[in-house]
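Encoded as structure tokens, the structure appears first; notes follow it.
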Amino acid sequence: MASIVAQFLNGLASASTLFLIAVGLSLIFGVTRIVNFAHGSLYMLGLYAAYSLIDRFGPTPLGFWGGVIGAALLVGALGALVEVAILRRIYRAPELFQLLATFALVLVIRDAVLWHWGPEDLLGPRAPGFAGSVAILGKPFPEYDLLLIAVGPLVLVLLWLLLNRTRWGTLVRAATQDREMVGALGVNERWLFTGVFALGAFLAGLGGALQIPREPAQLFLDLTAISDAFVVVVVGGMGSIPGAFLAALLIGEIKALCIGLGTVTVGGVAISFSKLTLVVEFIVMAIVLIVRPYGLLGKPLAMQRGAGAPVELPARPDGRAMALAGLAVLAALAALPAAGTPYAVVLAIDILVFALFAASLQFIMGPAGMVSFGHAAYFGLGAYGAALLLKRAGLPMEATLALGPLVAALGAALFGAFVVRLSGVYLAMLTLAFAQIVWSIAFQWDAFTGGSNGLVGVWPSGWLSGKTAFYFLTLACVAAGVFLLRRIHFSPYGYALRAGRDSPLRADAIGLDIGRLQWVAFVIAGAFAGVAGALAGYSKGSISPEVMAVSRSVDGLVMVLLGGVQTLSGPLVGAAAFTWLQDTIARNTEYWRAILGATILFIVLAFPQGIVGQLAAWLGSRDRGAPEGMVGWRRRRA
Amino acid sequence: MTAMLELEAVDTYYGRAHILSRVSFAASAGEVAVLLGRNGAGKSTTLKSIIGLVRVAAGAIRFAGERIDGRAPYEIAKRGLGYVPEDRRIFSDLTVLENLEVGRQPPRPGAPTWTEAKLFELFPNLAERRRQPGGRLSGGEQQMLTIARTLMGNPSCILLDEPSEGLAPVIVDQMAAAIRGLKQAGVTVLLSEQNLHFATAVADRAHIIEKGEIRFSGTIAELGANEAIRAAYLAV
Amino acid sequence: MEAAARMTVLAVENLSKSFGGVHAVRNVSFAVGAGELLALIGPNGAGKTTCFNMLNGQIRPDSGSVRLGGREIVGLAPRAVWRLGVGRTFQITATFASMTVRENVQMALLSHHRRVSSWWPRAARLYREEADRLLERVGMAEQAERACSVLAYGDLKRVELAVALANAPRLLLMDEPTAGMAPKERIALMALTAEIVRERGLAVLFTEHDMDVVFTHADRIIVLNRGTLIAAGRPADVRADAEVQAVYLGSRGHG
């Protein structure tokens with residue numbers, strides 16, 4: 001009994017922490033519609049800043065609490081700065097570009113922290129006055145955790161009062177629906193947004209600073225925090241603050257329950273619930289989204305007024321010039337092994353593999369209008385599928401190259417059936433949840449997948465063992481894949497897919513089954529990502545769970561966005577630019593993340609339509625799109 | 001007669017499309033002026049250019065003697081220029097009272113001061129629904145609310161974009177009465193309309209816009225007498 | 001010609017729908033015959049759009065029946081209703097912004113001919129002539145190559161009409177077909193619609209706020225107020241109806 005109570009209280013304490021991380025993200029999204037990827041970084045900064053401030057002020061009560069509040073205020077001020085300097089310029093850009101910009105901030109902040117605080121973990125002092133523990137049913141329970149349990153509800157109540165009982169709150173809620181109209185009524189809506197962003201950042205910083213007695217400041221906290229925060233916000237319903245609280249409670253308690261249960265033997269089979277903690281929140285998210293597509297307390301997102309929406313102009317199938325250009329690129333690539341260094345060939349294999357991966361992601365993001373945060377799952381399923389069939393089933397390498405992608409397609413068919421029932425950010429989060437579940441299976445099933453070590457000795461057949469031979473195989477597969485994707489794009493099916501994205505209402509009214517069209521697209525994209533994954537495995541000779549980690553999915557997103565979502569050659573250019581840049585910078589500096597982040601920020605601010613999209617816009621005519629189809633701006637219709 | 005609002009050779013673009021070309025006209029203090037033209041003629045764009053929602057590429061806009069073009073919408077609104085959009089743009093999650101709160105600005109010398117109580121007198125339907133979310137109101141009530149919300153800013157001049165569009169004829173009659181009420185209270189009104197019948201019922205002066213250019217300016221009586229102009233541009 | 005003399009295309013009986021206890025539509029019954037234009041009018045919030053959305057399957061009614069050529073269609077999805085020959089235009093135009101005018105019509109034709117799952121042929125080369133004929137019919141042939149996102153509003157409405165005609169429908173549902181158009185365009189669009197209706201023997205149900213359009217083009221009018229049908233009949237009778245004047249027409253009823 002006592003241990004159940006203790007686990008329950010532990011759950012409440014972690015729920016408070018989760019709520020503090022997530023609530024600012026939800027608030028910022030609700031008002032600005034920006035999905036702030038850098039929210040976890042702000043949380044991490046809060047922790048580091050609190051460490052330094054308390055170190056300077058001394059571990060007295062005043063020094064400690066002054067340090068915590070000071071850290072939160074500093075992070076809030078940074079949030080305001082970021083909003084004014086960067087986000088304000090891209091409110092009119094497509095949602096995904098905002099995501100890309102905040103992702104660039106993650107990279108920059110990570111390296112800034114590395115530079116200022118170094119790579120060591122930093123553990124702060126206990127909170128003066130809350131250092132001990134109290135006995136609850138005879139078991140000791142930390143006093144500080146009791147304090148945390150109180151902070152969550154307190155913040156919830158204060159925020160509710162602020163939003164519902166003050167003029168500022170009324171204005172903020174109005175701006176959530178129609179920022180332009182709020183401006184036309186005489187309110188400086190830009191400062192309203194800055195204020196909201198600063199408040200959200202302050203809450204993230206506070207959440208981080210309050211962790212100082214509980215966990216050391218560490219460099220990877222940004223990504224774990226953002227992943228927790230996303231889950232809480234999505235489970236609660238994006239933009240709903242009470243929803244975030246409820247979701248934090250649910251997840252905090254379920255995690256505590258898993259730890260409390262430990263390993264339980266059911267009918268002779270030992271089930272390790274504590275291992276489940278790694279993935280349980282994603283399972284919860286998947287279940288919630290399948291049952292309630294907008295989260296626990298969320299509502300369907302109304303289209304926000306006063307923001308620009310990109311309008312894609314008609315794409316023309318390739319003319320002769322485009323076909324010739326494609327052949328020229330192909331010829332140049334074919335000549336590479338003869339002309340380039342061995343290293344260039346290895347790098348080119350990487351670029352080709354990612355080009356196909358990015359092209360498959362673009363297929364669901366562009367024509368189908370579905371953004372995936374978990375596309376690496378299918379890359380990984382292809383890689384693992386091929387490797388396992390080779391190692392465990394003893395199939396020849398050539399067969400696994402065809403069957404690996406089939407495994408990816410089957411996975412996409414299964415997950416896609418649920419995914420296509422959602423839309424927008426919720427859809428993206430469900431893809432992420434499925435990817436995390438697949439990742440954690442690969443990570444934990446030591447006996448079959450090799451666990452965290454992965455599989456080694458995944459080598460191609462003898463005739464392909466030379467780098468040049470394998471390069472030509474890769475080139476052939478990737479060229480065929482890209483050609484097929486383009487062909488489908490301009491086929492009746494590709495048109496129908498775009499129809500469903502452009503106007504679901506009209507598509508439905510002319511007999512199109514959008515859900516089915518999208519599901520098929522998801523399977524196609526999964527299969528091609530699987531081809532890329534299988535090739536990637538054989539090119540390296542080994543695979544690990546890394547191939548389907550979140551960072552791989554994000555890499556894919558960045559490539560597609562860098563190139564331009566609505567352009568067919570964009571992902572190819574994006575993949576080449578990204579892979580080459582990452583390779584070049586990483587070989588030359590420790591701070592490659594910051595340089596990459598700064599580059600992405602520059603591209604986002606200078607080319608809001610992606611590299612190829614921007615080129616097309618410059619070259620394009622007004623009425624018809626450029627050959628690739630271009631993205632123009634138009635105000636949204638109500 | 002002083003011009004409360006004056007446009008001088010205003011040009012605007014959407015992307016590369018030229019929308020307004022050298023648009024010039026003025027509205028005098030205390031009058032009701034109507035901008036007439038068919039859909040796509042540039043009426044909404046003209047009003048949006050005045051309030052700052054569309055960037056003015058060339059020309060000048062003066063309000064109460066001062067240049068306002070190039071300023072942000074909130075700065076223009078703060079000077080006492082109210083804007084009521086064509087599609088109402090009610091904050092549907094906010095209650096009627098909260099919608100009014102968003103529009104609230106301090107009293108302004110030389111312009112009538114509005115309170116919730118006064119507005120509920122003008123629009124009795126809203127009074128009964130003051131605690132209901134704006135999204136639950138009927139189309140006609142939303143049209144009332146969007147005007148009331150703008151009036152909370154105590155404007156000396158108000159821009160109404162197609163106030164009669166999409167309303168039942170019986171509500172259109174009420175709307176005409178409300179606009180005449182505004183004029184009596186001393187508010188200058190510039191409205192856009194396609195409905196000549198409605199325009200004649202409320203306006204003192206008419207400006208006809210076609211393909212982004214002003215083709216006629218004169219009193220409503222002059223327009224009424226000019227069969228050729230009406231036939232050419234209004235197609236009634 | 002009286003409705004009874006025409007072949008009934010759409011028969012609606014005792015249709016009801018409430019949202020959270022509020023009756024949006026209550027016991028509404030009417031019929032539309034082939035070659036007939038029936039106007040549905042009423043104040044904002046009277047239930048017109050709800051009524052409309054129940055006819056093509058977007059909203060499922062609480063009770064009542066909707067028969068298309070004698071076949072019950074309640075419970076079918078919009079895409080299934082479309083397959084049975086119901087074309088629809090929307091109050092706020094819904095077209096595919098990333099396609100040209102012609103491609104919009106081609107898309108509807110591809111769906112009509114059940115070619116949507118083919119992955120190889122170039123979609124833009126299929127049913128081109130058929131699409132051009134439809135565009136010709138609505139006067140949009142010259143703009144076939146333009147993107148829908150750059151069209152004038154009135155032209156978009158014509159494109160919608162061509163799209164709605166692509167599956168050779170028996171019934172057209174038009175929700176405020178002339179909203180946002182200039183008076184001259186309104187008359188032209190409705191004259192065109194009426195012409196097509198006569199030549200193909202279509203049945204049309206439309207909602208409309210422009211009384212000039214309604215009284216010029218409707219063969220019959222039904223009036224909805226607070227979810228209930230308060231009047232039905234020929235234009236002259238409806239215009240003279242005291243209740244209709246009080247709740248809807250106002251001063252225009254006497255003019």
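By order of appearance in the structure tokens: chains A, B, ..., then residues from 1 within every chain, and ligands from 1 in the order shown.
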Considering only C-alpha atoms, return as a count of residues only whatever protein or nucleic-acid residues lie within 7 Å of Thr150 in chain B, sequence-local ones (same chain, fewer than 4 positions apart) excluded. 6
Taking only C-alpha atoms into account, which residues of chain B are within 8 Å of chain C, as a PyMOL selection string? chain B and resi 38-40+138-140+165-170+173+194+234-236
Near range 131-140 of chain C, counting only C-alpha atoms, which residues have an atom at most 10 Å away, once you skip same-chain residues fewer than 2 positions from it, shown as a compact mmCIF listing (two decimals) with C-alpha atoms, in the first residue's frame?
```txt
# COMPACT_ATOMS: atom_id res chain seq x y z
CA VAL C 101 -9.36 25.06 -65.01
CA ARG C 102 -9.29 22.20 -67.51
CA GLU C 103 -7.57 19.87 -65.05
CA ASN C 104 -10.28 20.56 -62.50
CA VAL C 105 -12.87 19.29 -64.93
CA GLN C 106 -10.60 16.44 -66.06
CA MET C 107 -10.28 15.39 -62.43
CA ALA C 108 -14.04 15.07 -62.12
CA LEU C 109 -14.16 13.16 -65.40
CA LEU C 126 -7.08 12.04 -70.63
CA TYR C 127 -10.64 13.26 -71.34
CA ARG C 128 -9.29 16.53 -72.62
CA GLU C 129 -11.91 17.01 -75.31
CA GLU C 142 -10.72 30.43 -73.22
CA GLN C 143 -9.46 30.22 -69.68
CA ALA C 144 -8.90 26.45 -69.69
CA GLU C 145 -5.14 26.81 -69.18
CA ASP C 155 -15.40 32.50 -63.29
CA LEU C 156 -14.69 30.09 -60.43
CA LYS C 157 -18.43 29.63 -60.08
CA ARG C 158 -18.61 28.65 -63.74
CA VAL C 159 -15.79 26.16 -63.26
CA GLU C 160 -17.70 24.66 -60.36
CA LEU C 161 -20.73 24.32 -62.58
CA ALA C 162 -18.68 22.51 -65.24
CA VAL C 163 -17.23 20.20 -62.57
CA LEU C 165 -21.89 18.60 -64.70
CA ALA C 166 -19.01 16.16 -65.31
CA LEU C 189 -24.93 32.54 -64.45
CA LEU C 192 -26.92 29.69 -68.16
CA THR C 193 -27.92 27.25 -65.44
CA ILE C 196 -28.57 23.71 -69.19
```
Dump as a VMD selection string the residues of chain B that approach chain A to within 10 Å, counting only C-alpha atoms. chain B and resid 14 to 17 48 51 to 53 72 to 85 87 to 94 98 to 99 101 to 105 149 to 153
Within 6 Å of chain C, which residues of chain A show up when using only C-alpha atoms, listed as number ranges by chain? A: 312-314, 488, 490-493, 499, 502-503, 506, 508-511
May I have the residues within 6 Å of Ser28 in chain B as a VMD selection string, using only C-alpha atoms and disregarding those fewer than 5 positions away in the same chain? chain B and resid 2 to 4
